[in-house]
$ cat start.cif   # mmCIF, C-alpha atoms
data_data
loop_
_atom_site.group_PDB
_atom_site.id
_atom_site.type_symbol
_atom_site.label_atom_id
_atom_site.label_comp_id
_atom_site.auth_asym_id
_atom_site.auth_seq_id
_atom_site.Cartn_x
_atom_site.Cartn_y
_atom_site.Cartn_z
ATOM 1 C CA MET A 795 156.327 214.864 129.521
ATOM 2 C CA ALA A 796 154.371 214.499 126.271
ATOM 3 C CA ILE A 797 152.435 211.256 125.972
ATOM 4 C CA GLN A 798 152.838 208.970 123.005
ATOM 5 C CA LEU A 799 150.477 206.125 122.173
ATOM 6 C CA LYS A 800 152.901 203.250 121.796
ATOM 7 C CA SER A 801 150.283 200.787 120.577
ATOM 8 C CA ALA A 802 146.598 199.960 120.503
ATOM 9 C CA ARG A 803 146.096 196.348 119.557
ATOM 10 C CA VAL A 804 143.512 193.586 119.585
ATOM 11 C CA GLU A 805 144.397 190.316 121.296
ATOM 12 C CA ARG A 806 142.431 187.062 121.249
ATOM 13 C CA TRP A 807 142.455 184.793 124.299
ATOM 14 C CA PRO A 808 140.889 181.294 124.385
ATOM 15 C CA VAL A 809 138.273 180.440 126.991
ATOM 16 C CA ALA A 810 138.570 177.231 129.003
ATOM 17 C CA GLY A 811 135.749 175.173 127.515
ATOM 18 C CA GLN A 812 132.844 177.505 126.808
ATOM 19 C CA PHE A 813 131.430 180.491 128.664
ATOM 20 C CA VAL A 814 127.639 180.356 128.303
ATOM 21 C CA ILE A 815 125.096 182.980 129.335
ATOM 22 C CA SER A 816 121.559 183.747 128.197
ATOM 23 C CA ARG A 817 122.896 185.783 125.247
ATOM 24 C CA GLY A 818 125.054 182.983 123.822
ATOM 25 C CA ALA A 819 128.281 180.993 124.160
ATOM 26 C CA LYS A 820 131.893 182.134 123.741
ATOM 27 C CA ASP A 821 135.021 180.078 123.211
ATOM 28 C CA HIS A 822 137.354 183.106 123.071
ATOM 29 C CA VAL A 823 137.461 186.750 124.043
ATOM 30 C CA ASP A 824 138.924 189.636 122.057
ATOM 31 C CA VAL A 825 140.439 192.359 124.229
ATOM 32 C CA ILE A 826 141.944 195.726 123.373
ATOM 33 C CA VAL A 827 145.312 196.669 124.888
ATOM 34 C CA ALA A 828 146.538 200.259 125.032
ATOM 35 C CA GLU A 829 150.162 201.180 125.739
ATOM 36 C CA VAL A 830 151.251 204.751 126.383
ATOM 37 C CA GLU A 831 154.698 206.093 127.121
ATOM 38 C CA ALA A 832 156.354 209.267 128.296
ATOM 39 C CA ASP A 833 159.839 210.035 129.616
ATOM 40 C CA GLY A 834 160.904 206.408 129.316
ATOM 41 C CA ALA A 835 157.955 205.048 131.324
ATOM 42 C CA THR A 836 155.263 202.841 129.819
ATOM 43 C CA GLY A 837 151.719 202.263 131.030
ATOM 44 C CA ARG A 838 149.355 199.513 129.881
ATOM 45 C CA GLY A 839 145.626 198.991 130.131
ATOM 46 C CA GLU A 840 143.158 196.405 128.852
ATOM 47 C CA GLY A 841 139.479 196.574 127.968
ATOM 48 C CA THR A 842 136.931 194.000 126.859
ATOM 49 C CA PRO A 843 134.261 195.267 124.456
ATOM 50 C CA VAL A 844 130.813 195.445 126.056
ATOM 51 C CA TYR A 845 128.992 193.155 123.644
ATOM 52 C CA TYR A 846 125.453 194.099 124.671
ATOM 53 C CA LEU A 847 126.265 197.710 123.771
ATOM 54 C CA GLY A 848 127.424 196.679 120.316
ATOM 55 C CA GLU A 849 131.117 197.281 120.956
ATOM 56 C CA ASP A 850 133.782 195.297 119.126
ATOM 57 C CA ALA A 851 137.538 195.167 119.533
ATOM 58 C CA ALA A 852 138.393 196.796 116.208
ATOM 59 C CA GLY A 853 136.058 199.694 116.901
ATOM 60 C CA CYS A 854 137.568 200.161 120.360
ATOM 61 C CA ARG A 855 141.064 200.207 118.886
ATOM 62 C CA ASP A 856 140.006 202.884 116.430
ATOM 63 C CA GLN A 857 138.573 205.004 119.262
ATOM 64 C CA ILE A 858 141.913 204.882 121.068
ATOM 65 C CA LEU A 859 143.822 205.804 117.916
ATOM 66 C CA HIS A 860 141.486 208.772 117.417
ATOM 67 C CA ALA A 861 141.900 209.958 121.015
ATOM 68 C CA ALA A 862 145.698 209.734 120.931
ATOM 69 C CA SER A 863 146.199 213.023 119.098
ATOM 70 C CA HIS A 864 144.083 214.874 121.672
ATOM 71 C CA ILE A 865 146.297 213.909 124.614
ATOM 72 C CA ALA A 866 149.745 213.974 123.010
ATOM 73 C CA GLU A 867 150.793 217.257 124.670
ATOM 74 C CA LEU A 868 149.349 216.475 128.100
ATOM 75 C CA GLY A 869 150.647 214.885 131.258
ATOM 76 C CA ALA A 870 149.154 211.595 132.433
ATOM 77 C CA ALA A 871 146.741 213.120 134.948
ATOM 78 C CA GLU A 872 145.643 215.808 132.474
ATOM 79 C CA ALA A 873 145.185 213.181 129.784
ATOM 80 C CA ARG A 874 142.974 211.087 132.071
ATOM 81 C CA ALA A 875 140.790 214.116 132.689
ATOM 82 C CA ALA A 876 140.653 214.903 128.983
ATOM 83 C CA ILE A 877 139.504 211.479 127.854
ATOM 84 C CA GLN A 878 136.568 211.622 130.279
ATOM 85 C CA GLU A 879 135.296 214.420 128.031
ATOM 86 C CA ILE A 880 136.311 213.286 124.557
ATOM 87 C CA MET A 881 135.492 209.590 124.919
ATOM 88 C CA GLY A 882 132.319 207.935 126.126
ATOM 89 C CA PRO A 883 132.157 205.113 128.676
ATOM 90 C CA GLY A 884 133.190 201.738 127.330
ATOM 91 C CA ALA A 885 136.097 199.401 126.776
ATOM 92 C CA ALA A 886 138.184 201.809 124.687
ATOM 93 C CA ARG A 887 138.232 204.498 127.347
ATOM 94 C CA ASN A 888 138.813 201.834 129.996
ATOM 95 C CA ALA A 889 141.951 200.551 128.266
ATOM 96 C CA LEU A 890 143.339 204.053 127.733
ATOM 97 C CA ASP A 891 142.323 205.353 131.171
ATOM 98 C CA CYS A 892 143.967 202.420 132.941
ATOM 99 C CA ALA A 893 147.084 202.771 130.792
ATOM 100 C CA LEU A 894 147.321 206.412 131.884
ATOM 101 C CA TRP A 895 146.869 205.448 135.562
ATOM 102 C CA ASP A 896 149.659 202.893 135.148
ATOM 103 C CA LEU A 897 151.890 205.436 133.414
ATOM 104 C CA GLU A 898 151.401 208.090 136.095
ATOM 105 C CA ALA A 899 152.049 205.608 138.888
ATOM 106 C CA ARG A 900 155.304 204.524 137.269
ATOM 107 C CA GLN A 901 156.379 208.115 136.602
ATOM 108 C CA ARG A 902 155.780 209.059 140.232
ATOM 109 C CA GLY A 903 157.264 205.895 141.714
ATOM 110 C CA LEU A 904 153.975 204.886 143.296
ATOM 111 C CA ARG A 905 151.840 201.761 143.345
ATOM 112 C CA LEU A 906 148.427 202.072 141.745
ATOM 113 C CA TRP A 907 146.640 201.796 145.080
ATOM 114 C CA GLN A 908 148.684 204.708 146.434
ATOM 115 C CA LEU A 909 147.881 206.871 143.427
ATOM 116 C CA ALA A 910 144.183 205.988 143.808
ATOM 117 C CA GLY A 911 144.237 207.241 147.410
ATOM 118 C CA CYS A 912 143.735 203.909 149.170
ATOM 119 C CA ASP A 913 144.691 203.567 152.815
ATOM 120 C CA GLY A 914 146.823 200.477 152.311
ATOM 121 C CA PRO A 915 147.892 197.846 149.801
ATOM 122 C CA PRO A 916 145.114 195.633 148.434
ATOM 123 C CA THR A 917 144.780 192.218 150.020
ATOM 124 C CA ALA A 918 143.417 188.871 148.820
ATOM 125 C CA ARG A 919 139.644 188.783 148.400
ATOM 126 C CA THR A 920 137.123 185.994 148.024
ATOM 127 C CA THR A 921 135.942 186.032 144.427
ATOM 128 C CA ALA A 922 132.881 184.528 142.851
ATOM 129 C CA TYR A 923 133.362 181.813 140.239
ATOM 130 C CA THR A 924 130.823 181.738 137.421
ATOM 131 C CA ILE A 925 128.785 178.631 136.671
ATOM 132 C CA SER A 926 127.816 178.916 133.015
ATOM 133 C CA LEU A 927 124.358 178.092 131.722
ATOM 134 C CA GLY A 928 123.572 174.447 131.130
ATOM 135 C CA THR A 929 121.271 171.697 132.259
ATOM 136 C CA PRO A 930 120.715 171.412 136.013
ATOM 137 C CA GLY A 931 122.822 168.258 135.982
ATOM 138 C CA GLY A 932 125.613 169.871 134.000
ATOM 139 C CA MET A 933 125.628 172.908 136.267
ATOM 140 C CA ALA A 934 125.698 170.604 139.313
ATOM 141 C CA GLU A 935 128.834 168.942 137.948
ATOM 142 C CA ALA A 936 130.449 172.299 137.218
ATOM 143 C CA ALA A 937 129.614 173.487 140.726
ATOM 144 C CA ALA A 938 131.071 170.351 142.286
ATOM 145 C CA THR A 939 134.289 170.867 140.328
ATOM 146 C CA ALA A 940 134.467 174.529 141.348
ATOM 147 C CA GLU A 941 133.919 173.702 145.011
ATOM 148 C CA ALA A 942 136.578 170.992 144.824
ATOM 149 C CA ASP A 943 138.925 173.591 143.334
ATOM 150 C CA GLY A 944 138.411 175.714 146.433
ATOM 151 C CA TYR A 945 135.798 178.243 145.311
ATOM 152 C CA HIS A 946 133.434 179.166 148.133
ATOM 153 C CA LEU A 947 131.284 181.724 146.278
ATOM 154 C CA LEU A 948 129.545 180.659 143.073
ATOM 155 C CA LYS A 949 127.690 182.908 140.636
ATOM 156 C CA ILE A 950 124.954 181.123 138.734
ATOM 157 C CA LYS A 951 123.847 182.318 135.299
ATOM 158 C CA LEU A 952 120.059 182.193 134.825
ATOM 159 C CA THR A 953 117.604 182.623 131.927
ATOM 160 C CA GLY A 954 114.140 183.233 133.424
ATOM 161 C CA GLU A 955 113.096 179.662 132.647
ATOM 162 C CA GLY A 956 113.827 176.706 134.906
ATOM 163 C CA ASP A 957 115.963 178.854 137.180
ATOM 164 C CA ARG A 958 114.955 177.093 140.383
ATOM 165 C CA LEU A 959 116.042 173.751 138.942
ATOM 166 C CA ARG A 960 119.399 175.206 137.944
ATOM 167 C CA VAL A 961 119.978 176.697 141.383
ATOM 168 C CA ALA A 962 118.895 173.446 143.015
ATOM 169 C CA GLY A 963 121.387 171.600 140.814
ATOM 170 C CA VAL A 964 124.222 173.913 141.806
ATOM 171 C CA ARG A 965 123.257 173.616 145.465
ATOM 172 C CA LYS A 966 123.338 169.836 145.161
ATOM 173 C CA GLY A 967 126.735 169.927 143.464
ATOM 174 C CA ALA A 968 128.227 172.431 145.928
ATOM 175 C CA PRO A 969 126.297 172.078 149.190
ATOM 176 C CA ASN A 970 128.674 174.262 151.196
ATOM 177 C CA ALA A 971 129.192 177.131 148.762
ATOM 178 C CA ARG A 972 127.732 180.620 149.019
ATOM 179 C CA LEU A 973 125.501 181.357 146.039
ATOM 180 C CA ILE A 974 124.673 184.495 144.072
ATOM 181 C CA VAL A 975 122.773 184.575 140.783
ATOM 182 C CA ASP A 976 122.846 186.670 137.624
ATOM 183 C CA ALA A 977 119.526 186.807 135.802
ATOM 184 C CA ASN A 978 120.974 188.880 132.920
ATOM 185 C CA GLU A 979 117.735 190.892 132.503
ATOM 186 C CA SER A 980 115.638 187.745 132.040
ATOM 187 C CA TRP A 981 112.972 188.178 134.733
ATOM 188 C CA GLY A 982 110.808 190.757 132.995
ATOM 189 C CA GLN A 983 107.902 188.327 132.623
ATOM 190 C CA VAL A 984 108.211 186.243 135.807
ATOM 191 C CA ASP A 985 106.929 186.546 139.359
ATOM 192 C CA ILE A 986 110.003 188.368 140.635
ATOM 193 C CA LEU A 987 109.100 188.249 144.304
ATOM 194 C CA GLY A 988 108.132 184.589 144.100
ATOM 195 C CA GLU A 989 111.418 183.707 142.388
ATOM 196 C CA ALA A 990 113.425 185.718 144.895
ATOM 197 C CA GLU A 991 111.720 184.037 147.838
ATOM 198 C CA ALA A 992 112.278 180.575 146.348
ATOM 199 C CA LEU A 993 115.960 181.262 145.699
ATOM 200 C CA ALA A 994 116.399 182.724 149.173
ATOM 201 C CA ASP A 995 115.108 179.428 150.573
ATOM 202 C CA MET A 996 117.922 177.691 148.637
ATOM 203 C CA GLY A 997 120.502 179.944 150.247
ATOM 204 C CA VAL A 998 121.002 182.460 147.428
ATOM 205 C CA GLU A 999 122.274 185.718 148.923
ATOM 206 C CA MET A 1000 122.014 188.176 146.004
ATOM 207 C CA ILE A 1001 120.300 188.588 142.613
ATOM 208 C CA GLU A 1002 122.070 190.524 139.873
ATOM 209 C CA GLN A 1003 120.100 192.453 137.218
ATOM 210 C CA PRO A 1004 116.757 190.615 137.370
ATOM 211 C CA VAL A 1005 114.877 192.828 134.894
ATOM 212 C CA PRO A 1006 115.635 194.338 131.471
ATOM 213 C CA VAL A 1007 117.294 197.734 131.282
ATOM 214 C CA GLY A 1008 114.628 200.430 131.303
ATOM 215 C CA THR A 1009 112.150 198.333 133.289
ATOM 216 C CA ASP A 1010 113.837 198.776 136.660
ATOM 217 C CA ALA A 1011 110.590 200.159 138.119
ATOM 218 C CA LEU A 1012 109.302 196.566 138.111
ATOM 219 C CA LEU A 1013 111.325 196.254 141.311
ATOM 220 C CA ASP A 1014 109.607 199.217 142.958
ATOM 221 C CA GLN A 1015 108.208 198.359 146.387
ATOM 222 C CA LEU A 1016 109.222 194.705 146.076
ATOM 223 C CA TYR A 1017 110.430 193.802 149.531
ATOM 224 C CA ALA A 1018 112.473 190.765 148.558
ATOM 225 C CA PRO A 1019 114.337 188.727 151.168
ATOM 226 C CA ILE A 1020 117.635 189.124 149.291
ATOM 227 C CA PRO A 1021 119.168 192.195 147.629
ATOM 228 C CA PHE A 1022 118.936 193.164 143.972
ATOM 229 C CA VAL A 1023 122.132 194.486 142.358
ATOM 230 C CA ALA A 1024 122.108 196.561 139.161
ATOM 231 C CA ASP A 1025 124.527 195.572 136.409
ATOM 232 C CA GLU A 1026 123.420 196.502 132.881
ATOM 233 C CA SER A 1027 121.233 199.258 134.355
ATOM 234 C CA CYS A 1028 124.157 201.093 135.970
ATOM 235 C CA HIS A 1029 127.297 202.051 134.069
ATOM 236 C CA THR A 1030 128.468 205.378 135.494
ATOM 237 C CA ALA A 1031 127.971 207.610 138.524
ATOM 238 C CA ALA A 1032 125.265 209.517 136.656
ATOM 239 C CA ASP A 1033 123.072 206.387 136.667
ATOM 240 C CA VAL A 1034 122.903 206.055 140.455
ATOM 241 C CA ALA A 1035 120.167 208.634 141.043
ATOM 242 C CA ARG A 1036 117.944 206.922 138.456
ATOM 243 C CA ILE A 1037 118.372 203.293 139.539
ATOM 244 C CA GLY A 1038 119.016 203.828 143.240
ATOM 245 C CA PRO A 1039 115.350 203.617 144.320
ATOM 246 C CA PHE A 1040 114.974 200.146 142.814
ATOM 247 C CA TYR A 1041 118.202 198.381 143.777
ATOM 248 C CA ASP A 1042 120.214 197.547 146.868
ATOM 249 C CA GLY A 1043 123.596 197.638 145.161
ATOM 250 C CA VAL A 1044 125.527 198.209 141.934
ATOM 251 C CA ASN A 1045 127.959 196.021 140.044
ATOM 252 C CA ILE A 1046 130.867 198.212 138.990
ATOM 253 C CA LYS A 1047 132.775 197.020 135.930
ATOM 254 C CA LEU A 1048 135.573 199.145 134.555
ATOM 255 C CA ASP A 1049 134.594 198.347 130.970
ATOM 256 C CA LYS A 1050 131.073 199.715 131.537
ATOM 257 C CA ALA A 1051 132.317 202.737 133.459
ATOM 258 C CA GLY A 1052 135.047 203.494 130.970
ATOM 259 C CA GLY A 1053 138.009 203.134 133.300
ATOM 260 C CA LEU A 1054 139.164 203.362 136.882
ATOM 261 C CA THR A 1055 138.587 207.120 136.990
ATOM 262 C CA GLU A 1056 134.831 206.839 136.487
ATOM 263 C CA ALA A 1057 134.619 203.582 138.456
ATOM 264 C CA LEU A 1058 135.948 205.373 141.535
ATOM 265 C CA ARG A 1059 133.347 208.112 141.035
ATOM 266 C CA LEU A 1060 130.647 205.458 140.730
ATOM 267 C CA ALA A 1061 131.792 203.803 143.941
ATOM 268 C CA ASP A 1062 131.624 207.148 145.745
ATOM 269 C CA ALA A 1063 128.132 207.775 144.359
ATOM 270 C CA ALA A 1064 126.995 204.303 145.447
ATOM 271 C CA ASP A 1065 128.369 204.864 148.943
ATOM 272 C CA ALA A 1066 126.590 208.216 149.164
ATOM 273 C CA ALA A 1067 123.310 206.598 148.080
ATOM 274 C CA GLY A 1068 123.619 203.761 150.591
ATOM 275 C CA LEU A 1069 124.057 201.115 147.893
ATOM 276 C CA SER A 1070 126.276 198.085 148.327
ATOM 277 C CA ILE A 1071 129.184 197.695 145.931
ATOM 278 C CA MET A 1072 129.982 194.696 143.810
ATOM 279 C CA VAL A 1073 133.043 194.779 141.563
ATOM 280 C CA GLY A 1074 132.851 192.579 138.505
ATOM 281 C CA CYS A 1075 134.578 192.065 135.182
ATOM 282 C CA MET A 1076 134.139 190.775 131.672
ATOM 283 C CA LEU A 1077 136.125 187.866 130.309
ATOM 284 C CA CYS A 1078 139.648 189.295 130.440
ATOM 285 C CA THR A 1079 143.264 188.711 131.399
ATOM 286 C CA SER A 1080 144.953 189.770 134.602
ATOM 287 C CA LEU A 1081 146.034 193.046 132.992
ATOM 288 C CA ALA A 1082 142.419 194.225 133.232
ATOM 289 C CA ILE A 1083 142.023 192.922 136.780
ATOM 290 C CA GLY A 1084 144.799 195.041 138.314
ATOM 291 C CA PRO A 1085 142.822 198.311 138.540
ATOM 292 C CA ALA A 1086 139.580 196.479 139.371
ATOM 293 C CA PHE A 1087 141.331 194.694 142.245
ATOM 294 C CA VAL A 1088 142.174 198.045 143.823
ATOM 295 C CA LEU A 1089 138.502 199.017 143.685
ATOM 296 C CA ALA A 1090 137.442 195.579 144.904
ATOM 297 C CA GLN A 1091 138.841 196.399 148.327
ATOM 298 C CA ARG A 1092 135.674 198.502 148.824
ATOM 299 C CA ALA A 1093 133.268 195.815 147.629
ATOM 300 C CA LYS A 1094 130.805 193.581 149.450
ATOM 301 C CA TRP A 1095 130.878 191.103 146.569
ATOM 302 C CA VAL A 1096 133.888 190.525 144.332
ATOM 303 C CA ASP A 1097 133.472 188.821 140.961
ATOM 304 C CA LEU A 1098 136.875 188.988 139.292
ATOM 305 C CA ASP A 1099 137.119 185.501 137.853
ATOM 306 C CA GLY A 1100 137.690 186.634 134.246
ATOM 307 C CA PRO A 1101 141.260 185.252 134.019
ATOM 308 C CA ALA A 1102 140.246 182.035 135.807
ATOM 309 C CA LEU A 1103 137.785 181.315 132.988
ATOM 310 C CA LEU A 1104 140.486 181.503 130.303
ATOM 311 C CA ALA A 1105 142.528 178.600 128.987
ATOM 312 C CA ARG A 1106 145.635 180.642 129.878
ATOM 313 C CA ASP A 1107 146.449 184.034 131.365
ATOM 314 C CA ARG A 1108 149.258 186.544 131.037
ATOM 315 C CA GLU A 1109 152.530 185.624 132.661
ATOM 316 C CA GLY A 1110 152.712 186.902 136.221
ATOM 317 C CA GLY A 1111 148.929 187.313 136.449
ATOM 318 C CA PHE A 1112 146.694 187.066 139.476
ATOM 319 C CA GLU A 1113 146.551 183.851 141.478
ATOM 320 C CA PHE A 1114 143.340 182.044 142.363
ATOM 321 C CA ARG A 1115 143.756 179.887 145.460
ATOM 322 C CA GLU A 1116 141.101 178.504 147.763
ATOM 323 C CA GLY A 1117 138.512 180.746 146.146
ATOM 324 C CA ARG A 1118 140.516 183.934 146.692
ATOM 325 C CA ILE A 1119 142.181 186.237 144.210
ATOM 326 C CA ALA A 1120 145.531 187.852 144.969
ATOM 327 C CA PRO A 1121 148.479 189.325 143.058
ATOM 328 C CA SER A 1122 151.131 186.765 142.170
ATOM 329 C CA HIS A 1123 153.878 188.946 143.672
#
$ encode --input "start.cif" --output "structure tokens"
Amino acid sequence: MAIQLKSARVERWPVAGQFVISRGAKDHVDVIVAEVEADGATGRGEGTPVYYLGEDAAGCRDQILHAASHIAELGAAEARAAIQEIMGPGAARNALDCALWDLEARQRGLRLWQLAGCDGPPTARTTAYTISLGTPGGMAEAAATAEADGYHLLKIKLTGEGDRLRVAGVRKGAPNARLIVDANESWGQVDILGEAEALADMGVEMIEQPVPVGTDALLDQLYAPIPFVADESCHTAADVARIGPFYDGVNIKLDKAGGLTEALRLADAADAAGLSIMVGCMLCTSLAIGPAFVLAQRAKWVDLDGPALLARDREGGFEFREGRIAPSH
């Protein structure tokens, strides 16, 4: 019954081309993988360090190694409860929490969705595909390629400067696609309502994190024609009461929440507050997507393209066909 930490390791995965947002470009992603075992069963989980919180893969690995001694005499469910107290939200707890979910499911002969209390097995969902920052022309080409590859929902990265031109470029490149945008906190000094109205006229259906964290009140009493969704401003269920008055939805990422356990609590809190749910991810492999995909069944918007942005994925990972994500088996 006792849990043993089999390994906590850093893995580097190459990105297909470059992934560019307002904070910089990445040509690889470092993830942390936790493996736990008990009674011959092994559970695995993956986390991607939340870069804007200053996390790094080595530090996350060390957090997992430190936590291991605190859960060694516990069962999987007890260990999951314990790490909610001894570890803070972030990629380290996400990797360990999801490994413990996987372990318990295997020990009990259940699928993850059954253990999480879902009504039925998860089904294929339309996922957004991210159009990285670039010139309007470059983003138009990327959008055209994505639409040709079957993606029907595109997420456009913005910077607060020249955003309308970028959106217009993507619309030109993918005239039939649904569009959402991610401002990555860059609209603190712009006419938010004016930008929202202009993007709505171009067919944009949602704006993610328009303003910097801590300035969410800039959205107070702005009756925009399209919804605002909190990302960096909302990590855990405890954040909902604070940001709820200013947003229409929350983007739940397991790395921010610190695992599936807290992500499920956040989803319940969002439902109770009348907020729409988006389920997103960091750059990651399909190992990290498994638990998020279970939660994505409750989401209005799904943005689980992390593995699709890599040069390669884990064997037996999720499939991306006609703009939808589904398990490979």
$ resolve_selection --input "start.cif" --expression "the PyMOL selection byres ((chain A and resi 1111-1121) around 9)" --output "PyMOL selection string"
chain A and resi 916-923+940-941+943-947+1079-1081+1083-1084+1087+1098-1099+1101-1102+1107-1110+1122-1123
$ closest_residue --input "start.cif" --among "A:Val825, A:Gly848, A:Pro1085, A:Glu879" --to "Trp907 of chain A" --atoms "all atoms listed in the file"
A:Pro1085
$ axis_aligned_box --input "start.cif" --around "segment 1011-1024 of chain A" --padding-each-side "3 Å" --output "lines of an AutoDock Vina configuration file"
center_x = 115.2
center_y = 194.4
center_z = 144.6
size_x = 19.9
size_y = 17.4
size_z = 19.1
$ residues_around --input "start.cif" --residues "Pro915 of chain A" --least-positions-apart "2" --cutoff "10 Å" --atoms "all atoms listed in the file" --output "tab-separated table (two decimals) with C-alpha atoms, keeping the file's coordinate frame"
chain	number	residue	atom	x	y	z
A	905	ARG	CA	151.84	201.76	143.34
A	906	LEU	CA	148.43	202.07	141.74
A	907	TRP	CA	146.64	201.80	145.08
A	908	GLN	CA	148.68	204.71	146.43
A	912	CYS	CA	143.74	203.91	149.17
A	913	ASP	CA	144.69	203.57	152.82
A	917	THR	CA	144.78	192.22	150.02
A	1088	VAL	CA	142.17	198.04	143.82
A	1091	GLN	CA	138.84	196.40	148.33
$ closest_residue --input "start.cif" --among "A:Ile986, A:Val809, A:Ala1090, A:Ala835" --to "Gly903 of chain A" --atoms "all atoms listed in the file"
A:Ala835
$ closest_residue --input "start.cif" --among "A:Thr939, A:Gln798, A:Gln878, A:Asn1045" --to "Asp976 of chain A" --atoms "only C-alpha atoms"
A:Asn1045
$ atom_distance --input "start.cif" --atom1 "atom CA of Glu1056 of chain A" --atom2 "atom CA of Leu868 of chain A"
19.3 Å
$ closest_residue --input "start.cif" --among "A:Lys820, A:Lys966, A:Arg803, A:Arg874" --to "Arg855 of chain A" --atoms "all atoms listed in the file"
A:Arg803
$ residues_around --input "start.cif" --residues "segment 948-962 of chain A" --least-positions-apart "3" --cutoff "9 Å" --atoms "all atoms listed in the file" --output "MDAnalysis selection string"
chainID A and resid 814:816 921:931 933:934 937 940:941 945 965:968 971:984 989 992:993 996 998 1004 1097
$ resolve_selection --input "start.cif" --expression "the PyMOL selection byres ((chain A and resi 850) around 12)" --output "MDAnalysis selection string"
chainID A and resid 804:805 823:826 841:849 851:857 884:886
$ resolve_selection --input "start.cif" --expression "the PyMOL selection byres ((chain A and resi 839) around 9)" --output "list in words"
Ile826, Val827, Ala828, Glu829, Val830, Gly837, Arg838, Glu840, Gly841, Asn888, Ala889, Leu890, Asp891, Cys892, Ala893, Leu894, Trp895, Asp896, Leu1081, Ala1082 and Pro1085 of chain A
$ decode --input "start.cif" --residues "segment 858-869 of chain A" --atoms "N, CA, C and O atoms" --output "PDB file, in the first residue's frame"
ATOM      1  N   ILE A 858       9.181  17.786  -5.912  1.00  0.00           N
ATOM      2  CA  ILE A 858       8.606  16.438  -5.883  1.00  0.00           C
ATOM      3  C   ILE A 858       9.449  15.518  -5.012  1.00  0.00           C
ATOM      4  O   ILE A 858       8.922  14.733  -4.207  1.00  0.00           O
ATOM      5  N   LEU A 859      10.759  15.610  -5.146  1.00  0.00           N
ATOM      6  CA  LEU A 859      11.651  14.790  -4.320  1.00  0.00           C
ATOM      7  C   LEU A 859      11.448  15.098  -2.834  1.00  0.00           C
ATOM      8  O   LEU A 859      11.455  14.195  -1.994  1.00  0.00           O
ATOM      9  N   HIS A 860      11.247  16.368  -2.513  1.00  0.00           N
ATOM     10  CA  HIS A 860      11.027  16.763  -1.122  1.00  0.00           C
ATOM     11  C   HIS A 860       9.698  16.217  -0.599  1.00  0.00           C
ATOM     12  O   HIS A 860       9.605  15.784   0.563  1.00  0.00           O
ATOM     13  N   ALA A 861       8.671  16.245  -1.446  1.00  0.00           N
ATOM     14  CA  ALA A 861       7.342  15.801  -1.009  1.00  0.00           C
ATOM     15  C   ALA A 861       7.255  14.292  -0.848  1.00  0.00           C
ATOM     16  O   ALA A 861       6.406  13.790  -0.096  1.00  0.00           O
ATOM     17  N   ALA A 862       8.131  13.560  -1.530  1.00  0.00           N
ATOM     18  CA  ALA A 862       8.021  12.097  -1.559  1.00  0.00           C
ATOM     19  C   ALA A 862       8.035  11.476  -0.173  1.00  0.00           C
ATOM     20  O   ALA A 862       7.266  10.546   0.121  1.00  0.00           O
ATOM     21  N   SER A 863       8.897  11.984   0.713  1.00  0.00           N
ATOM     22  CA  SER A 863       8.993  11.383   2.042  1.00  0.00           C
ATOM     23  C   SER A 863       7.744  11.604   2.879  1.00  0.00           C
ATOM     24  O   SER A 863       7.472  10.846   3.812  1.00  0.00           O
ATOM     25  N   HIS A 864       6.963  12.621   2.543  1.00  0.00           N
ATOM     26  CA  HIS A 864       5.754  12.940   3.311  1.00  0.00           C
ATOM     27  C   HIS A 864       4.570  12.049   2.944  1.00  0.00           C
ATOM     28  O   HIS A 864       3.567  12.016   3.665  1.00  0.00           O
ATOM     29  N   ILE A 865       4.653  11.363   1.816  1.00  0.00           N
ATOM     30  CA  ILE A 865       3.508  10.555   1.375  1.00  0.00           C
ATOM     31  C   ILE A 865       3.841   9.070   1.310  1.00  0.00           C
ATOM     32  O   ILE A 865       3.006   8.262   0.907  1.00  0.00           O
ATOM     33  N   ALA A 866       5.047   8.696   1.730  1.00  0.00           N
ATOM     34  CA  ALA A 866       5.514   7.328   1.549  1.00  0.00           C
ATOM     35  C   ALA A 866       4.661   6.293   2.264  1.00  0.00           C
ATOM     36  O   ALA A 866       4.577   5.143   1.829  1.00  0.00           O
ATOM     37  N   GLU A 867       4.012   6.659   3.374  1.00  0.00           N
ATOM     38  CA  GLU A 867       3.229   5.686   4.139  1.00  0.00           C
ATOM     39  C   GLU A 867       1.732   5.799   3.872  1.00  0.00           C
ATOM     40  O   GLU A 867       0.927   5.190   4.580  1.00  0.00           O
ATOM     41  N   LEU A 868       1.362   6.563   2.858  1.00  0.00           N
ATOM     42  CA  LEU A 868      -0.052   6.826   2.590  1.00  0.00           C
ATOM     43  C   LEU A 868      -0.539   6.059   1.375  1.00  0.00           C
ATOM     44  O   LEU A 868       0.235   5.651   0.518  1.00  0.00           O
ATOM     45  N   GLY A 869      -1.859   5.896   1.296  1.00  0.00           N
ATOM     46  CA  GLY A 869      -2.473   5.400   0.082  1.00  0.00           C
ATOM     47  C   GLY A 869      -2.566   6.522  -0.938  1.00  0.00           C
ATOM     48  O   GLY A 869      -2.326   7.693  -0.627  1.00  0.00           O
TER      49      GLY A 869
END
